[in-house]
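Engineer: Dropping in input-v6.txt, which is compact mmCIF, C-alpha atoms:
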# COMPACT_ATOMS: atom_id res chain seq x y z
CA MET A 1 94.44 -94.64 -61.78
CA SER A 2 96.66 -91.65 -62.61
CA ASP A 3 93.68 -89.63 -63.87
CA LEU A 4 91.67 -90.54 -60.77
CA GLU A 5 94.48 -89.44 -58.41
CA ASP A 6 94.80 -86.12 -60.22
CA LEU A 7 91.03 -85.57 -60.05
CA VAL A 8 90.96 -86.25 -56.30
CA ARG A 9 93.81 -83.79 -55.73
CA LYS A 10 92.05 -81.14 -57.80
CA VAL A 11 88.79 -81.49 -55.87
CA LEU A 12 90.56 -81.42 -52.48
CA ARG A 13 92.54 -78.35 -53.49
CA GLU A 14 89.38 -76.51 -54.59
CA GLU A 15 87.57 -77.39 -51.35
CA LEU A 16 90.49 -76.21 -49.23
CA GLU A 17 90.59 -72.91 -51.14
CA LYS A 18 86.84 -72.40 -50.55
CA LEU A 19 87.40 -72.89 -46.82
CA GLY A 20 90.30 -70.49 -46.80
CA GLU A 21 92.64 -73.23 -45.65
CA PRO A 22 96.27 -73.22 -46.76
CA VAL A 23 96.87 -75.68 -49.56
CA PRO A 24 99.77 -77.99 -48.67
CA ARG A 25 102.73 -77.71 -50.98
CA LYS A 26 103.97 -80.87 -52.62
CA ALA A 27 107.03 -81.65 -54.62
CA VAL A 28 106.06 -82.10 -58.30
CA VAL A 29 107.81 -83.22 -61.39
CA PRO A 30 108.69 -80.10 -63.44
CA GLU A 31 106.54 -79.65 -66.54
CA GLU A 32 109.59 -79.60 -68.77
CA ALA A 33 110.33 -83.13 -67.58
CA CYS A 34 107.01 -84.33 -69.02
CA VAL A 35 106.80 -85.64 -72.53
CA ASP A 36 103.98 -86.71 -74.82
CA GLY A 37 101.51 -84.46 -72.97
CA CYS A 38 101.87 -86.18 -69.59
CA VAL A 39 100.35 -84.54 -66.52
CA PRO A 40 102.83 -83.44 -63.76
CA ARG A 41 102.67 -86.04 -60.95
CA VAL A 42 103.04 -85.49 -57.23
CA VAL A 43 106.06 -87.40 -55.94
CA LYS A 44 107.22 -88.20 -52.41
CA VAL A 45 110.25 -86.41 -51.07
CA ASN A 46 112.63 -88.95 -49.50
CA PRO A 47 113.83 -87.81 -46.06
CA PRO A 48 117.58 -87.72 -45.55
CA ARG A 49 118.92 -91.02 -44.17
CA ASP A 50 121.55 -91.28 -41.49
CA GLU A 51 122.80 -94.86 -41.79
CA ARG A 52 124.56 -94.76 -38.43
CA GLU A 53 121.42 -93.53 -36.70
CA LEU A 54 119.31 -96.23 -38.36
CA LYS A 55 121.73 -98.92 -37.20
CA ARG A 56 121.67 -97.46 -33.68
CA ILE A 57 117.87 -97.56 -33.58
CA ALA A 58 117.72 -101.10 -34.98
CA GLY A 59 120.27 -102.21 -32.38
CA GLN A 60 118.03 -101.09 -29.50
CA THR A 61 115.39 -103.77 -30.11
CA PRO A 62 115.15 -107.42 -31.16
CA ALA A 63 112.12 -106.41 -33.26
CA ARG A 64 112.72 -106.61 -37.00
CA ILE A 65 112.97 -102.98 -38.10
CA VAL A 66 115.13 -101.38 -40.83
CA GLN A 67 115.61 -104.75 -42.53
CA GLY A 68 116.26 -103.55 -46.06
CA ARG A 69 114.93 -105.13 -49.25
CA THR A 70 115.90 -106.23 -52.70
CA GLY A 71 113.26 -105.07 -55.14
CA THR A 72 109.94 -105.98 -53.52
CA ARG A 73 111.38 -108.88 -51.50
CA TYR A 74 113.23 -109.45 -48.25
CA LEU A 75 116.98 -109.77 -48.34
CA THR A 76 118.01 -113.42 -48.22
CA LYS A 77 119.60 -113.04 -44.76
CA VAL A 78 116.38 -111.44 -43.46
CA TYR A 79 114.21 -114.20 -44.92
CA VAL A 80 116.40 -116.92 -43.40
CA GLY A 81 116.34 -115.09 -40.04
CA LEU A 82 112.53 -114.93 -40.10
CA ARG A 83 112.31 -118.66 -40.78
CA ALA A 84 114.70 -119.39 -37.91
CA GLU A 85 112.75 -117.21 -35.47
CA HIS A 86 109.48 -118.79 -36.55
CA ALA A 87 111.00 -122.19 -35.79
CA ILE A 88 111.96 -120.97 -32.30
CA ALA A 89 108.34 -119.96 -31.68
CA LEU A 90 107.03 -123.34 -32.87
CA ASP A 91 109.51 -125.21 -30.69
CA ALA A 92 108.55 -123.07 -27.68
CA VAL A 93 104.87 -123.98 -28.07
CA GLN A 94 105.76 -127.69 -28.18
CA SER A 95 108.22 -127.53 -25.26
CA GLU A 96 107.29 -129.27 -21.99
CA VAL A 97 108.51 -129.21 -18.40
CA PRO A 98 110.30 -132.34 -17.06
CA ASP A 99 108.74 -134.17 -14.14
CA ASP A 100 111.45 -133.16 -11.65
CA PHE A 101 111.21 -129.42 -12.36
CA PRO A 102 108.75 -128.53 -9.52
CA LYS A 103 111.33 -129.75 -6.99
CA LYS A 104 113.73 -127.06 -8.20
CA LEU A 105 111.13 -124.46 -7.26
CA ASN A 106 110.24 -126.13 -3.94
CA ALA A 107 106.75 -126.23 -5.41
CA ILE A 108 103.85 -128.65 -5.04
CA PRO A 109 103.36 -130.31 -8.47
CA LEU A 110 99.87 -130.05 -9.93
CA ALA A 111 98.20 -130.47 -13.32
CA SER A 112 95.24 -128.99 -15.14
CA ARG A 113 92.44 -131.00 -16.73
CA ALA A 114 94.37 -131.09 -20.00
CA THR A 115 95.66 -134.62 -20.54
CA SER A 116 98.37 -133.77 -23.10
CA LYS A 117 99.98 -130.87 -24.92
CA GLU A 118 97.63 -131.42 -27.86
CA ASP A 119 94.60 -131.45 -25.58
CA TYR A 120 95.85 -128.28 -23.91
CA LEU A 121 96.25 -126.45 -27.23
CA LEU A 122 92.94 -127.60 -28.71
CA TYR A 123 90.74 -127.08 -25.64
CA PRO A 124 91.76 -123.92 -23.72
CA GLU A 125 89.14 -124.45 -20.99
CA HIS A 126 90.91 -127.63 -19.89
CA GLY A 127 93.91 -125.53 -18.85
CA ARG A 128 91.86 -123.21 -16.63
CA ARG A 129 90.87 -125.81 -14.04
CA LEU A 130 92.79 -128.39 -11.99
CA ASN A 131 92.18 -132.08 -12.39
CA ASP A 132 90.58 -133.94 -9.47
CA GLU A 133 93.85 -135.29 -8.07
CA SER A 134 95.41 -131.84 -8.03
CA ARG A 135 92.40 -130.30 -6.31
CA LYS A 136 92.73 -132.85 -3.53
CA ARG A 137 96.45 -132.15 -3.24
CA VAL A 138 95.89 -128.39 -2.95
CA GLU A 139 93.29 -128.93 -0.25
CA ALA A 140 95.63 -131.26 1.68
CA GLU A 141 99.07 -129.68 1.21
CA ALA A 142 98.88 -126.04 0.09
CA THR A 143 99.33 -123.13 2.49
CA LYS A 144 95.99 -121.57 3.38
CA GLY A 145 94.90 -117.98 3.96
CA VAL A 146 98.10 -116.16 2.93
CA ASP A 147 98.29 -112.71 1.35
CA VAL A 148 99.86 -114.00 -1.87
CA GLN A 149 99.76 -117.48 -3.35
CA LEU A 150 102.58 -117.93 -5.89
CA ILE A 151 101.91 -120.17 -8.89
CA ALA A 152 104.37 -121.22 -11.60
CA ALA A 153 103.01 -122.59 -14.87
CA ASP A 154 104.22 -123.73 -18.27
CA GLY A 155 101.63 -121.85 -20.34
CA LEU A 156 102.11 -121.52 -24.09
CA ALA A 157 105.92 -121.52 -23.87
CA ALA A 158 107.34 -123.88 -21.25
CA TRP A 159 110.84 -122.66 -22.10
CA ALA A 160 110.07 -119.40 -20.34
CA ILE A 161 109.48 -120.92 -16.91
CA LEU A 162 112.33 -123.40 -17.41
CA GLU A 163 114.77 -120.59 -18.19
CA GLN A 164 113.66 -118.13 -15.52
CA GLY A 165 111.53 -119.83 -12.89
CA GLU A 166 114.37 -120.97 -10.62
CA GLN A 167 115.55 -117.39 -10.14
CA LEU A 168 112.25 -115.55 -10.33
CA ILE A 169 110.25 -117.55 -7.77
CA PRO A 170 112.68 -116.95 -4.84
CA ALA A 171 113.13 -113.33 -5.93
CA LEU A 172 109.36 -112.82 -5.82
CA GLU A 173 109.10 -114.47 -2.41
CA ARG A 174 111.83 -112.20 -1.08
CA GLU A 175 110.41 -108.97 -2.55
CA LEU A 176 106.80 -109.70 -1.54
CA LYS A 177 107.84 -110.37 2.05
CA ALA A 178 109.89 -107.17 1.99
CA VAL A 179 106.70 -105.13 1.38
CA GLY A 180 104.93 -106.82 4.29
CA LEU A 181 102.95 -109.59 2.55
CA THR A 182 102.78 -113.25 3.58
CA VAL A 183 103.53 -115.79 0.85
CA GLY A 184 102.39 -119.42 0.53
CA ARG A 185 104.50 -122.31 -0.66
CA PRO A 186 104.74 -122.13 -4.47
CA LEU A 187 102.58 -124.35 -6.64
CA PHE A 188 103.49 -125.58 -10.12
CA VAL A 189 100.74 -126.40 -12.64
CA ARG A 190 101.40 -128.36 -15.84
CA PHE A 191 99.38 -127.49 -18.98
CA ALA A 192 98.08 -124.34 -17.29
CA ARG A 193 96.21 -121.30 -18.55
CA ILE A 194 96.06 -118.02 -16.64
CA GLY A 195 92.55 -118.75 -15.36
CA VAL A 196 93.79 -121.62 -13.18
CA GLN A 197 94.81 -118.98 -10.64
CA ASP A 198 91.10 -118.33 -10.01
CA GLU A 199 90.44 -121.87 -8.82
CA ILE A 200 93.67 -122.08 -6.83
CA GLY A 201 92.85 -118.80 -5.11
CA THR A 202 89.47 -120.08 -3.96
CA LEU A 203 90.86 -123.44 -2.83
CA THR A 204 93.66 -121.85 -0.77
CA GLN A 205 91.55 -118.91 0.48
CA ALA A 206 94.44 -116.66 -0.45
CA ARG A 207 93.84 -112.91 -0.50
CA SER A 208 95.58 -112.72 -3.88
CA THR A 209 97.32 -114.90 -6.44
CA VAL A 210 100.38 -114.33 -8.62
CA ILE A 211 100.93 -116.67 -11.57
CA LEU A 212 104.04 -116.90 -13.75
CA VAL A 213 103.23 -118.26 -17.19
CA GLY A 214 104.99 -118.62 -20.53
CA GLU A 215 103.60 -116.14 -23.06
CA ARG A 216 102.27 -116.98 -26.50
CA PRO A 217 105.58 -116.79 -28.39
CA GLY A 218 106.23 -114.43 -31.26
CA LEU A 219 109.18 -114.59 -33.63
CA GLY A 220 112.23 -115.60 -31.62
CA THR A 221 110.58 -114.93 -28.23
CA GLY A 222 110.13 -118.42 -26.81
CA ASP A 223 111.63 -117.40 -23.44
CA SER A 224 109.20 -114.56 -22.68
CA LEU A 225 107.40 -114.86 -19.33
CA SER A 226 104.41 -112.97 -17.93
CA ILE A 227 103.15 -112.40 -14.38
CA TYR A 228 99.40 -112.05 -13.80
CA THR A 229 98.07 -110.86 -10.45
CA ALA A 230 94.56 -111.20 -9.02
CA PHE A 231 93.12 -109.72 -5.81
CA LYS A 232 90.30 -111.47 -3.94
CA PRO A 233 90.37 -114.36 -6.44
CA ARG A 234 87.19 -116.15 -7.46
CA LEU A 235 86.13 -118.44 -10.28
CA ASN A 236 85.86 -116.72 -13.67
CA GLN A 237 87.21 -113.46 -12.27
CA ASP A 238 87.11 -110.75 -14.93
CA ASN A 239 90.42 -109.78 -16.49
CA SER A 240 89.68 -106.11 -15.81
CA GLU A 241 90.37 -106.90 -12.13
CA LYS A 242 93.82 -108.33 -12.89
CA ASN A 243 97.21 -106.85 -13.70
CA CYS A 244 100.01 -108.11 -15.92
CA LEU A 245 103.77 -107.68 -16.19
CA SER A 246 104.94 -109.05 -19.54
CA ASN A 247 108.05 -109.64 -21.63
CA ILE A 248 110.10 -110.82 -18.66
CA ARG A 249 113.34 -112.12 -20.17
CA PRO A 250 116.96 -111.01 -20.68
CA LEU A 251 116.04 -108.97 -23.78
CA GLY A 252 112.98 -107.47 -22.09
CA LEU A 253 112.19 -106.80 -18.41
CA PRO A 254 115.05 -108.25 -16.28
CA LEU A 255 114.08 -110.84 -13.66
CA LEU A 256 115.03 -108.88 -10.54
CA ASP A 257 113.34 -105.74 -11.86
CA ALA A 258 110.20 -107.79 -12.55
CA ALA A 259 110.20 -109.14 -8.98
CA LYS A 260 110.49 -105.62 -7.53
CA GLU A 261 107.77 -104.27 -9.83
CA CYS A 262 105.44 -107.14 -8.95
CA ALA A 263 105.94 -106.61 -5.22
CA ALA A 264 105.32 -102.85 -5.56
CA LEU A 265 102.20 -103.58 -7.64
CA MET A 266 100.85 -105.98 -5.02
CA ARG A 267 101.51 -103.49 -2.24
CA ARG A 268 99.53 -100.87 -4.16
CA THR A 269 96.78 -103.41 -4.83
CA PHE A 270 96.39 -104.27 -1.15
CA ASP A 271 96.49 -100.61 -0.14
CA ALA A 272 93.85 -99.72 -2.76
CA GLY A 273 91.65 -102.71 -1.96
CA GLY A 274 91.61 -103.99 -5.53
CA GLY A 275 93.61 -104.51 -8.69
CA GLY A 276 93.15 -104.01 -12.42
CA LEU A 277 91.03 -100.99 -13.31
CA HIS A 278 90.53 -100.31 -9.61
CA LEU A 279 94.11 -99.03 -9.44
CA VAL A 280 93.59 -96.39 -12.12
CA ARG A 281 90.18 -95.09 -11.02
CA PRO A 282 90.21 -91.82 -9.08
CA ARG A 283 89.62 -92.29 -5.38
Kindly transcribe the structure held in the file into structure tokens.
Structural biologist:
Amino acid sequence: MSDLEDLVRKVLREELEKLGEPVPRKAVVPEEACVDGCVPRVVKVNPPRDERELKRIAGQTPARIVQGRTGTRYLTKVYVGLRAEHAIALDAVQSEVPDDFPKKLNAIPLASRATSKEDYLLYPEHGRRLNDESRKRVEAEATKGVDVQLIAADGLAAWAILEQGEQLIPALERELKAVGLTVGRPLFVRFARIGVQDEIGTLTQARSTVILVGERPGLGTGDSLSIYTAFKPRLNQDNSEKNCLSNIRPLGLPLLDAAKECAALMRRTFDAGGGGLHLVRPR
């Protein structure tokens, strides 16, 4: 391997010289440091390290950066932390919303075609459509023809909506009305995927839908919520026509900021006559 590396460097150097390109200088081991006829090896120059600056950078994010190592392995405290955060993610996926939760949101309780958490995880399509009873309830009780139909859902991390839904739903209602949009009574869907907003939008004849859903959790992020918006909703609407605000949680995008950003996004969407890629295309 050493001989091969040296050969590659030699060929690259010769080709650069033929092209008249400057040959990059590398730090090398001095020849006098070689013994037994060894060939001088290129070595990496370690940049200076400012420990205080590294700690400052690491403190700006919950992401696992600048973790340190012992030999080729994680430090014990890092390894234990990774296991703990992985457990949080697993628990978030298995979490469920209690039956009385929709009342706290003043929302109409609904359910997808998924019959259990296991069914929901194994068959994603079941979470993208309402069951028959919920369809009837939407047709009978939901507000019709509004600018924005709000939907709360458990998604892949029910913890997220449990932790943040009670504050975020009224904040969204307030901010959306402040930009001149009418808002329907919230709906809550158990075992829901993002695509359920398509069916709800068609059933309510809403001009747009906004769904709050627990994100697929990463390490230690079981409380992360996303908002997906859709304009002129229809069944199987392409994701390129939708917009997303993600990482809504105390360590990410604060709730009130998310509500304001969502309202501003919906105002732009209505003014532009479309969402998703439509918002970034030149007029």
Engineer: For Ala158 (chain A), which residue out of A:Leu12, A:Val93, A:Leu251, A:Val146 is the nearest one, using only C-alpha atoms?
Structural biologist: A:Val93
Engineer: Name all residues at most 12 Å from Pro170 (chain A) (count all atoms listed in the file; drop same-chain ones fewer than 3 positions away) and give them as a compact mmCIF listing (two decimals) with C-alpha atoms, in the coordinates of the input.
Structural biologist:
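Generated file (around.txt):
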# COMPACT_ATOMS: atom_id res chain seq x y z
CA LYS A 104 113.73 -127.06 -8.20
CA LEU A 105 111.13 -124.46 -7.26
CA ASN A 106 110.24 -126.13 -3.94
CA ALA A 107 106.75 -126.23 -5.41
CA LEU A 150 102.58 -117.93 -5.89
CA ILE A 151 101.91 -120.17 -8.89
CA ALA A 152 104.37 -121.22 -11.60
CA GLN A 164 113.66 -118.13 -15.52
CA GLY A 165 111.53 -119.83 -12.89
CA GLU A 166 114.37 -120.97 -10.62
CA GLN A 167 115.55 -117.39 -10.14
CA GLU A 173 109.10 -114.47 -2.41
CA ARG A 174 111.83 -112.20 -1.08
CA GLU A 175 110.41 -108.97 -2.55
CA LEU A 176 106.80 -109.70 -1.54
CA LYS A 177 107.84 -110.37 2.05
CA VAL A 183 103.53 -115.79 0.85
CA GLY A 184 102.39 -119.42 0.53
CA ARG A 185 104.50 -122.31 -0.66
CA PRO A 186 104.74 -122.13 -4.47
CA LEU A 255 114.08 -110.84 -13.66
CA LEU A 256 115.03 -108.88 -10.54
CA ALA A 259 110.20 -109.14 -8.98
CA LYS A 260 110.49 -105.62 -7.53
Engineer: List the neighbours of Gln149 (chain A) out to 9 Å using only C-alpha atoms; skip same-chain residues closer than 4 positions along the sequence, and give me the result as number ranges by chain.
Structural biologist: A: 143-145, 182-187, 197, 200-201, 204, 206-211
Engineer: Got a sec: who's within 12 Å of Phe231 (chain A), counting all atoms listed in the file, leaving out chain neighbours fewer than 2 positions off, as a ChimeraX atom specification?
Structural biologist: /A:146-149,197-198,201-202,205-211,228-229,233-234,237-243,265-279
Engineer: As lines of an AutoDock Vina configuration file, what would the box around region 154-158 of chain A look like: edges along x, y and z, 6 Å added on every side, centre and edge lengths in Å to one decimal?
Structural biologist:
center_x = 104.5
center_y = -122.7
center_z = -21.2
size_x = 17.7
size_y = 14.4
size_z = 17.8
